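Just below is one structure, and these are the notes that go with it.
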Amino acid sequence: MFQEESSSVTSPLQVFSMMSPSPNLGSPYPWLRELKSEERGLYLIHLLLTCANHVATGSLENANIALEQISQLASPDGDTMQRMAAYFTEALADRILKAWPGLHKALNSTRITLVSEEVLVRKLFFEMLPFLKVAFVLTNQAIVEAMECEKMVHIIDLNAAEPAQWIALIQALSARPEGPPHLRITGIHQQKEVLDQMAYRLTEEAEKLDIPFQFNSIVSKLENLDIEKLRVKTGEALAISSVLQLHSLLASDDELLRKKSPLASKNLNGIHLQRALQMNQSTLGELLEKDMVNGYSPSPDSASSSPLSSTASVKVDSFLNALWGLSPKLMVITEQDSNHNGSTLMDRLLESLYSYAALFDCLESTVSRASLERLKVEKMFFGEEIKNIIACEGAERKERHEKLEKWIQRLDLASFGNVPLSYYGMLQARRLLQGYNCDGYKMKEENGYVVICWQDRPLFSVSAWRCMK
């Protein structure tokens, strides 16, 4: 749509930056509604960056003006950029409201999140997108191969929320030539109802296949888990599965580390806004496909997730050391493969715009815009993650997604060694992706690690580990 005729042509973002949100424009800004789809998407990015910069520097009146303009363009049932912008706008507004704790608490005092809704949304995410299915296939195959000929198998699930993974494993173990092992699964979750449902479904499947089975429930948040309650018995071969859990532990010692690493946040925020406005892209797709464009490149703290995370995390290190002490034969870890743990708001906004644009685009390419299930996943799953990344700080900010490279460093320091994921596991995973009949889903393997992508954008990583003595 936007073609450069000479090097002096200004990019769409630069053009829009000259039309800064101003009270003089009035409302409802009728010219905004005349923008074409790609123009609208580019301008939404500009407005989000502008608004975030105002929020970060405390210019709330200007932030409010930007929010008013965004509200004319964003929509939870529009195209990819409109839908995503609606949730980033909500997150920025929530961050502003946190400046008045009494007001923020009053507006959220009657909010109720039902366990059944959380379970439903996670189930919808599992069913509508292939990422967890691929992770489960790779995890289960790694466990089956590691537990060959073992007679007593104990699996610890650090977030026992989805029975489908272990139902598939029970079925695979029942088909072993040497016969099934005695299987014990310890499930950890903060909701007893979720564990009760898991126990019922797995016990039912094990009885149907005549596999000796035991399920142990531990009601606990991961950060409060008492390792002693895991009760690993002598003679058991142990496997540990962690799906989208370890990053939350990075929040535990954030405040302590932040005091040791004071940052000039306002300067960084201003620099990032200026760099972002130098992006010179011809389409929204190109804008979201590339990480480094013209004048913008991630700052050192963005590139390595954050200066806080480059310092050893006391909680994560302690937790990994405790797991190492259990001597697992195998540990499989699935994490979001993104830089969402930057120290500044602008770092996190820029990085999360890229990642969530890809996730929203996945749904845009495969699910109808009118789908109520899609709306629930976007609002209650992606939207809540975005709000936590953008609106929260300190121990409250749990969604601290980091790149695979950071987890490799941490696990290496904790004396875990990489176990390459098997060819057969990856073959099954690729077949699963092909079953979605969508060219956008891709899987990349390097050094035995797997990264699941949308187009060329890494979104989730799967890696397997064993104790190094």
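Within each chain, counting starts at residue 1; across the structure tokens, chains are named A, B, ... in the order shown, with ligands numbered 1 upward in that order.
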
For the contact check between stretch 374-459 of chain A and stretch 81-86 of chain A, emit one row per residue of stretch 374-459 of chain A within 9 Å, containing the shortest atom pair and the distance in Å rounded to one decimal, counting only C-alpha atoms, chain then rising number order, as a Markdown table.
| residue | atom | partner | partner_atom | distance |
| --- | --- | --- | --- | --- |
| A:Glu378 | CA | A:Met84 | CA | 8.2 |
| A:Phe382 | CA | A:Met84 | CA | 8.9 |
| A:Gly383 | CA | A:Met84 | CA | 8.2 |

I want to know what sits within 8 Å of A:Lys403, based on only C-alpha atoms, with residues of the same chain fewer than 6 positions away left out; could you give that as a short mmCIF file (atom, residue, chain, number, x, y, z; two decimals) with all heavy atoms, in the first residue's frame?
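This is the output file out_31.cif:
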data_model
loop_
_atom_site.label_atom_id
_atom_site.label_comp_id
_atom_site.auth_asym_id
_atom_site.auth_seq_id
_atom_site.Cartn_x
_atom_site.Cartn_y
_atom_site.Cartn_z
N SER A 305 16.29 -10.05 27.78
CA SER A 305 15.09 -10.06 28.60
C SER A 305 15.07 -8.91 29.57
O SER A 305 14.18 -8.11 29.57
CB SER A 305 14.91 -11.38 29.36
OG SER A 305 14.76 -12.43 28.46
N GLN A 336 6.92 -19.94 26.97
CA GLN A 336 6.77 -18.94 25.93
C GLN A 336 8.16 -18.47 25.51
O GLN A 336 9.00 -18.19 26.37
CB GLN A 336 5.96 -17.74 26.44
CG GLN A 336 4.50 -18.03 26.72
CD GLN A 336 4.20 -18.47 28.13
OE1 GLN A 336 5.09 -18.93 28.86
NE2 GLN A 336 2.95 -18.35 28.55
N ASP A 337 8.42 -18.41 24.21
CA ASP A 337 9.74 -18.02 23.74
C ASP A 337 9.72 -16.55 23.31
O ASP A 337 9.74 -16.23 22.13
CB ASP A 337 10.17 -18.91 22.57
CG ASP A 337 11.66 -18.77 22.25
OD1 ASP A 337 12.46 -18.80 23.20
OD2 ASP A 337 12.00 -18.62 21.06
N SER A 338 9.64 -15.67 24.31
CA SER A 338 9.49 -14.24 24.04
C SER A 338 10.24 -13.42 25.09
O SER A 338 10.52 -13.91 26.18
CB SER A 338 8.01 -13.84 24.08
OG SER A 338 7.24 -14.60 23.18
N ASN A 339 10.53 -12.17 24.73
CA ASN A 339 11.17 -11.23 25.68
C ASN A 339 10.11 -10.33 26.31
O ASN A 339 9.89 -9.22 25.85
CB ASN A 339 12.19 -10.35 24.96
CG ASN A 339 13.46 -11.10 24.61
OD1 ASN A 339 13.84 -12.04 25.31
ND2 ASN A 339 14.12 -10.70 23.54
#

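For stretch 216-233 of chain A, the residues within 7 Å (counting only C-alpha atoms, excluding itself and residues fewer than 3 positions away along the chain) are Ile185, Thr186, Gly187, Ile188, His189, Gln190, Gln191, Lys192, Leu195, Glu236 and Leu249 of chain A.
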
Could the residues in this selection be saved with all heavy atoms as an mmCIF file, in the first residue's frame?
data_model
loop_
_atom_site.group_PDB
_atom_site.id
_atom_site.type_symbol
_atom_site.label_atom_id
_atom_site.label_comp_id
_atom_site.auth_asym_id
_atom_site.auth_seq_id
_atom_site.Cartn_x
_atom_site.Cartn_y
_atom_site.Cartn_z
ATOM 1 N N ILE A 185 1.256 -40.351 39.227
ATOM 2 C CA ILE A 185 1.335 -38.955 38.800
ATOM 3 C C ILE A 185 1.018 -38.053 39.974
ATOM 4 O O ILE A 185 0.002 -38.226 40.654
ATOM 5 C CB ILE A 185 0.372 -38.659 37.631
ATOM 6 C CG1 ILE A 185 0.786 -39.449 36.385
ATOM 7 C CG2 ILE A 185 0.341 -37.154 37.315
ATOM 8 C CD1 ILE A 185 -0.117 -39.227 35.174
ATOM 9 N N THR A 186 1.907 -37.100 40.236
ATOM 10 C CA THR A 186 1.667 -36.080 41.252
ATOM 11 C C THR A 186 1.330 -34.773 40.538
ATOM 12 O O THR A 186 2.144 -34.260 39.760
ATOM 13 C CB THR A 186 2.903 -35.875 42.150
ATOM 14 O OG1 THR A 186 3.156 -37.088 42.873
ATOM 15 C CG2 THR A 186 2.675 -34.746 43.140
ATOM 16 N N GLY A 187 0.123 -34.288 40.761
ATOM 17 C CA GLY A 187 -0.334 -33.062 40.106
ATOM 18 C C GLY A 187 -0.341 -31.888 41.063
ATOM 19 O O GLY A 187 -0.823 -32.011 42.197
ATOM 20 N N ILE A 188 0.189 -30.764 40.604
ATOM 21 C CA ILE A 188 0.243 -29.541 41.419
ATOM 22 C C ILE A 188 -0.625 -28.478 40.756
ATOM 23 O O ILE A 188 -0.485 -28.200 39.562
ATOM 24 C CB ILE A 188 1.691 -29.038 41.547
ATOM 25 C CG1 ILE A 188 2.572 -30.107 42.205
ATOM 26 C CG2 ILE A 188 1.750 -27.727 42.353
ATOM 27 C CD1 ILE A 188 4.027 -29.985 41.865
ATOM 28 N N HIS A 189 -1.527 -27.909 41.525
ATOM 29 C CA HIS A 189 -2.383 -26.824 41.030
ATOM 30 C C HIS A 189 -2.952 -26.091 42.243
ATOM 31 O O HIS A 189 -3.107 -26.682 43.306
ATOM 32 C CB HIS A 189 -3.519 -27.379 40.152
ATOM 33 C CG HIS A 189 -4.140 -26.355 39.252
ATOM 34 N ND1 HIS A 189 -5.105 -25.481 39.694
ATOM 35 C CD2 HIS A 189 -3.929 -26.062 37.943
ATOM 36 C CE1 HIS A 189 -5.469 -24.690 38.680
ATOM 37 N NE2 HIS A 189 -4.763 -25.014 37.618
ATOM 38 N N GLN A 190 -3.251 -24.810 42.059
ATOM 39 C CA GLN A 190 -3.762 -24.051 43.209
ATOM 40 C C GLN A 190 -5.263 -24.236 43.427
ATOM 41 O O GLN A 190 -5.801 -23.784 44.440
ATOM 42 C CB GLN A 190 -3.440 -22.561 43.051
ATOM 43 C CG GLN A 190 -3.989 -21.911 41.800
ATOM 44 C CD GLN A 190 -3.491 -20.487 41.645
ATOM 45 O OE1 GLN A 190 -2.724 -19.990 42.463
ATOM 46 N NE2 GLN A 190 -3.934 -19.824 40.594
ATOM 47 N N GLN A 191 -5.939 -24.913 42.482
ATOM 48 C CA GLN A 191 -7.373 -25.151 42.609
ATOM 49 C C GLN A 191 -7.645 -26.638 42.822
ATOM 50 O O GLN A 191 -7.350 -27.464 41.957
ATOM 51 C CB GLN A 191 -8.109 -24.660 41.360
ATOM 52 C CG GLN A 191 -7.904 -23.187 41.032
ATOM 53 C CD GLN A 191 -8.613 -22.272 42.004
ATOM 54 O OE1 GLN A 191 -9.373 -22.720 42.868
ATOM 55 N NE2 GLN A 191 -8.380 -20.969 41.871
ATOM 56 N N LYS A 192 -8.258 -26.972 43.959
ATOM 57 C CA LYS A 192 -8.555 -28.372 44.277
ATOM 58 C C LYS A 192 -9.508 -28.994 43.254
ATOM 59 O O LYS A 192 -9.372 -30.169 42.888
ATOM 60 C CB LYS A 192 -9.163 -28.474 45.674
ATOM 61 C CG LYS A 192 -9.456 -29.902 46.136
ATOM 62 C CD LYS A 192 -10.017 -29.925 47.544
ATOM 63 C CE LYS A 192 -10.239 -31.356 48.027
ATOM 64 N NZ LYS A 192 -11.249 -32.069 47.200
ATOM 65 N N LEU A 195 -7.693 -30.375 40.259
ATOM 66 C CA LEU A 195 -6.987 -31.632 40.560
ATOM 67 C C LEU A 195 -7.961 -32.790 40.716
ATOM 68 O O LEU A 195 -7.660 -33.919 40.290
ATOM 69 C CB LEU A 195 -6.155 -31.460 41.834
ATOM 70 C CG LEU A 195 -4.963 -30.503 41.714
ATOM 71 C CD1 LEU A 195 -4.356 -30.232 43.083
ATOM 72 C CD2 LEU A 195 -3.909 -31.066 40.769
ATOM 73 N N GLU A 236 11.646 -45.579 42.121
ATOM 74 C CA GLU A 236 10.837 -44.937 41.093
ATOM 75 C C GLU A 236 11.727 -44.210 40.083
ATOM 76 O O GLU A 236 12.694 -43.549 40.476
ATOM 77 C CB GLU A 236 9.877 -43.913 41.698
ATOM 78 C CG GLU A 236 8.721 -44.491 42.458
ATOM 79 C CD GLU A 236 7.791 -43.406 42.980
ATOM 80 O OE1 GLU A 236 8.268 -42.290 43.262
ATOM 81 O OE2 GLU A 236 6.584 -43.681 43.113
ATOM 82 N N LEU A 249 8.096 -17.732 38.474
ATOM 83 C CA LEU A 249 8.967 -17.675 39.651
ATOM 84 C C LEU A 249 9.929 -16.485 39.600
ATOM 85 O O LEU A 249 10.485 -16.092 40.628
ATOM 86 C CB LEU A 249 9.770 -18.973 39.768
ATOM 87 C CG LEU A 249 8.959 -20.252 39.988
ATOM 88 C CD1 LEU A 249 9.879 -21.468 40.012
ATOM 89 C CD2 LEU A 249 8.147 -20.177 41.271
#

Q) How many Å separate atom CA of A:Asn108 from atom CA of A:Glu384? A)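 Those two atoms sit 13.9 Å apart.
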
Q: Would you please work out which residue, of A:Ala63, A:Cys467, A:Ala146, A:Ala168, is nearest to A:Ala322 when using only C-alpha atoms?
A: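 Between A:Ala63, A:Cys467, A:Ala146, A:Ala168, the residue approaching A:Ala322 most closely is A:Cys467.
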
Q: Would you list the contacts of A:Glu118 as a PyMOL selection string, taking every protein, DNA or RNA residue within 10 Å and counting only C-alpha atoms, but skipping same-chain residues closer than 4 positions in sequence?
A: chain A and resi 113-114+122-124+161+194+380-381

(Q) If we count only C-alpha atoms and set the cut-off at 7 Å, which residues sit around A:Arg397, ignoring sequence neighbours fewer than 4 positions away in its own chain? Please answer as a list in words. (A)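 In the requested form, the answer reads Ala251, Asn388, Ile389, Cys392 and Glu393 of chain A.
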
Q) Suppose you want the space between atom CA of A:Ser116 and atom CA of A:Phe88; what is it in Å? A)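 Distance reported for this atom pair: 25.3 Å.
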
So that I can see what lies close to A:Asp94, please list as a compact mmCIF listing (two decimals) with N, CA, C and O atoms, in the first residue's frame the residues with an atom at most 7 Å from it, counting only C-alpha atoms and leaving out residues fewer than 4 positions away in the same chain.
# COMPACT_ATOMS: atom_id res chain seq x y z
N GLU A 90 -6.73 -1.61 27.08
CA GLU A 90 -7.26 -1.94 28.40
C GLU A 90 -6.12 -2.06 29.42
O GLU A 90 -6.24 -1.60 30.56
N LYS A 98 -3.92 2.23 38.36
CA LYS A 98 -3.15 1.76 39.53
C LYS A 98 -2.48 2.92 40.27
O LYS A 98 -2.04 2.77 41.41
N ALA A 391 0.45 -3.76 32.73
CA ALA A 391 -0.10 -2.97 33.84
C ALA A 391 0.57 -3.24 35.18
O ALA A 391 0.48 -2.42 36.09

**Q.** Test item: residues at most 12 Å from stretch 425-428 of chain A, only C-alpha atoms, excluding those fewer than 5 positions along its chain, as a PyMOL selection string
**A.** chain A and resi 133-145+420+433-435+442-446+448-452+462-464

Next, the residues of the selection above should be written as a PDB file, in the first residue's frame with N, CA and C atoms.
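And here's again-v3.pdb as it stands now:
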ATOM      1  N   LYS A 133      -0.663 -28.867  22.229  1.00  0.00           N
ATOM      2  CA  LYS A 133      -0.710 -30.239  21.698  1.00  0.00           C
ATOM      3  C   LYS A 133       0.682 -30.691  21.263  1.00  0.00           C
ATOM      4  N   VAL A 134       1.405 -29.817  20.552  1.00  0.00           N
ATOM      5  CA  VAL A 134       2.765 -30.149  20.122  1.00  0.00           C
ATOM      6  C   VAL A 134       3.664 -30.388  21.339  1.00  0.00           C
ATOM      7  N   ALA A 135       3.549 -29.515  22.332  1.00  0.00           N
ATOM      8  CA  ALA A 135       4.357 -29.659  23.549  1.00  0.00           C
ATOM      9  C   ALA A 135       4.063 -30.980  24.241  1.00  0.00           C
ATOM     10  N   PHE A 136       2.787 -31.362  24.304  1.00  0.00           N
ATOM     11  CA  PHE A 136       2.406 -32.612  24.963  1.00  0.00           C
ATOM     12  C   PHE A 136       2.925 -33.831  24.193  1.00  0.00           C
ATOM     13  N   VAL A 137       2.846 -33.783  22.868  1.00  0.00           N
ATOM     14  CA  VAL A 137       3.350 -34.890  22.045  1.00  0.00           C
ATOM     15  C   VAL A 137       4.853 -35.073  22.269  1.00  0.00           C
ATOM     16  N   LEU A 138       5.601 -33.966  22.235  1.00  0.00           N
ATOM     17  CA  LEU A 138       7.047 -34.039  22.433  1.00  0.00           C
ATOM     18  C   LEU A 138       7.395 -34.499  23.847  1.00  0.00           C
ATOM     19  N   THR A 139       6.670 -33.992  24.832  1.00  0.00           N
ATOM     20  CA  THR A 139       6.914 -34.371  26.229  1.00  0.00           C
ATOM     21  C   THR A 139       6.636 -35.851  26.445  1.00  0.00           C
ATOM     22  N   ASN A 140       5.481 -36.315  25.987  1.00  0.00           N
ATOM     23  CA  ASN A 140       5.102 -37.716  26.197  1.00  0.00           C
ATOM     24  C   ASN A 140       6.067 -38.677  25.508  1.00  0.00           C
ATOM     25  N   GLN A 141       6.489 -38.351  24.279  1.00  0.00           N
ATOM     26  CA  GLN A 141       7.413 -39.235  23.585  1.00  0.00           C
ATOM     27  C   GLN A 141       8.756 -39.291  24.305  1.00  0.00           C
ATOM     28  N   ALA A 142       9.210 -38.145  24.813  1.00  0.00           N
ATOM     29  CA  ALA A 142      10.466 -38.125  25.572  1.00  0.00           C
ATOM     30  C   ALA A 142      10.356 -38.975  26.832  1.00  0.00           C
ATOM     31  N   ILE A 143       9.193 -38.927  27.489  1.00  0.00           N
ATOM     32  CA  ILE A 143       8.986 -39.721  28.703  1.00  0.00           C
ATOM     33  C   ILE A 143       8.945 -41.212  28.371  1.00  0.00           C
ATOM     34  N   VAL A 144       8.216 -41.573  27.323  1.00  0.00           N
ATOM     35  CA  VAL A 144       8.112 -42.982  26.927  1.00  0.00           C
ATOM     36  C   VAL A 144       9.501 -43.554  26.644  1.00  0.00           C
ATOM     37  N   GLU A 145      10.328 -42.791  25.928  1.00  0.00           N
ATOM     38  CA  GLU A 145      11.670 -43.272  25.579  1.00  0.00           C
ATOM     39  C   GLU A 145      12.572 -43.345  26.809  1.00  0.00           C
ATOM     40  N   PRO A 420      18.468 -34.282  23.802  1.00  0.00           N
ATOM     41  CA  PRO A 420      17.845 -33.928  22.515  1.00  0.00           C
ATOM     42  C   PRO A 420      16.500 -34.628  22.338  1.00  0.00           C
ATOM     43  N   LEU A 433       0.963 -30.649  13.300  1.00  0.00           N
ATOM     44  CA  LEU A 433       0.880 -29.302  12.735  1.00  0.00           C
ATOM     45  C   LEU A 433       0.302 -29.328  11.326  1.00  0.00           C
ATOM     46  N   GLN A 434       0.709 -30.322  10.531  1.00  0.00           N
ATOM     47  CA  GLN A 434       0.200 -30.433   9.162  1.00  0.00           C
ATOM     48  C   GLN A 434      -1.301 -30.679   9.143  1.00  0.00           C
ATOM     49  N   GLY A 435      -1.801 -31.302  10.211  1.00  0.00           N
ATOM     50  CA  GLY A 435      -3.233 -31.576  10.301  1.00  0.00           C
ATOM     51  C   GLY A 435      -4.082 -30.328  10.432  1.00  0.00           C
ATOM     52  N   LYS A 442       4.895 -23.467  12.114  1.00  0.00           N
ATOM     53  CA  LYS A 442       6.188 -24.065  11.788  1.00  0.00           C
ATOM     54  C   LYS A 442       6.874 -24.547  13.060  1.00  0.00           C
ATOM     55  N   MET A 443       7.793 -25.487  12.888  1.00  0.00           N
ATOM     56  CA  MET A 443       8.548 -26.026  14.014  1.00  0.00           C
ATOM     57  C   MET A 443      10.022 -26.039  13.640  1.00  0.00           C
ATOM     58  N   LYS A 444      10.835 -25.463  14.488  1.00  0.00           N
ATOM     59  CA  LYS A 444      12.271 -25.422  14.220  1.00  0.00           C
ATOM     60  C   LYS A 444      13.012 -26.216  15.299  1.00  0.00           C
ATOM     61  N   GLU A 445      13.983 -27.007  14.839  1.00  0.00           N
ATOM     62  CA  GLU A 445      14.788 -27.798  15.778  1.00  0.00           C
ATOM     63  C   GLU A 445      16.248 -27.388  15.648  1.00  0.00           C
ATOM     64  N   GLU A 446      16.883 -27.197  16.796  1.00  0.00           N
ATOM     65  CA  GLU A 446      18.306 -26.881  16.803  1.00  0.00           C
ATOM     66  C   GLU A 446      18.931 -27.419  18.078  1.00  0.00           C
ATOM     67  N   GLY A 448      18.685 -30.170  19.432  1.00  0.00           N
ATOM     68  CA  GLY A 448      17.791 -30.982  20.256  1.00  0.00           C
ATOM     69  C   GLY A 448      16.678 -30.216  20.912  1.00  0.00           C
ATOM     70  N   TYR A 449      16.666 -28.890  20.795  1.00  0.00           N
ATOM     71  CA  TYR A 449      15.582 -28.063  21.324  1.00  0.00           C
ATOM     72  C   TYR A 449      14.586 -27.818  20.202  1.00  0.00           C
ATOM     73  N   VAL A 450      13.325 -27.605  20.551  1.00  0.00           N
ATOM     74  CA  VAL A 450      12.299 -27.311  19.546  1.00  0.00           C
ATOM     75  C   VAL A 450      11.642 -25.978  19.856  1.00  0.00           C
ATOM     76  N   VAL A 451      11.473 -25.153  18.818  1.00  0.00           N
ATOM     77  CA  VAL A 451      10.745 -23.889  18.949  1.00  0.00           C
ATOM     78  C   VAL A 451       9.567 -23.938  17.981  1.00  0.00           C
ATOM     79  N   ILE A 452       8.375 -23.661  18.494  1.00  0.00           N
ATOM     80  CA  ILE A 452       7.157 -23.667  17.686  1.00  0.00           C
ATOM     81  C   ILE A 452       6.866 -22.224  17.287  1.00  0.00           C
ATOM     82  N   VAL A 462      10.270 -25.975  23.572  1.00  0.00           N
ATOM     83  CA  VAL A 462      10.203 -27.235  24.322  1.00  0.00           C
ATOM     84  C   VAL A 462      11.621 -27.780  24.421  1.00  0.00           C
ATOM     85  N   SER A 463      12.032 -28.110  25.633  1.00  0.00           N
ATOM     86  CA  SER A 463      13.385 -28.646  25.837  1.00  0.00           C
ATOM     87  C   SER A 463      13.348 -29.738  26.899  1.00  0.00           C
ATOM     88  N   ALA A 464      14.234 -30.725  26.756  1.00  0.00           N
ATOM     89  CA  ALA A 464      14.299 -31.842  27.705  1.00  0.00           C
ATOM     90  C   ALA A 464      15.659 -31.859  28.387  1.00  0.00           C
TER      91      ALA A 464
END

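Our summary of the geometry notes that atom CA of A:Asn447 is positioned 23.5 Å from atom CA of A:Ser355.
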
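The residues of stretch 86-280 of chain A that DSSP classifies as strand (DSSP E or B), using the backbone of this structure, are Met152, Val153, His154, Ile155, Ile156, Asp157, His182, Leu183, Arg184, Ile185, Thr186, Gly187, Ile188, His189, Phe213, Gln214, Phe215, Asn216, Ser217, Ile218, Val219, Ala237, Leu238, Ala239, Ile240, Ser241, Ser242 and Val243 of chain A.
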
**Q.** DSSP-assigned helix (DSSP H, G or I) among stretch 63-124 of chain A, expressed as a count of residues only
**A.** 47

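Shortest separation to A:Pro130 among A:Ala66, A:Ala52, A:Ile390, A:Leu359 occurs at residue A:Leu359, atoms counted being only C-alpha atoms.
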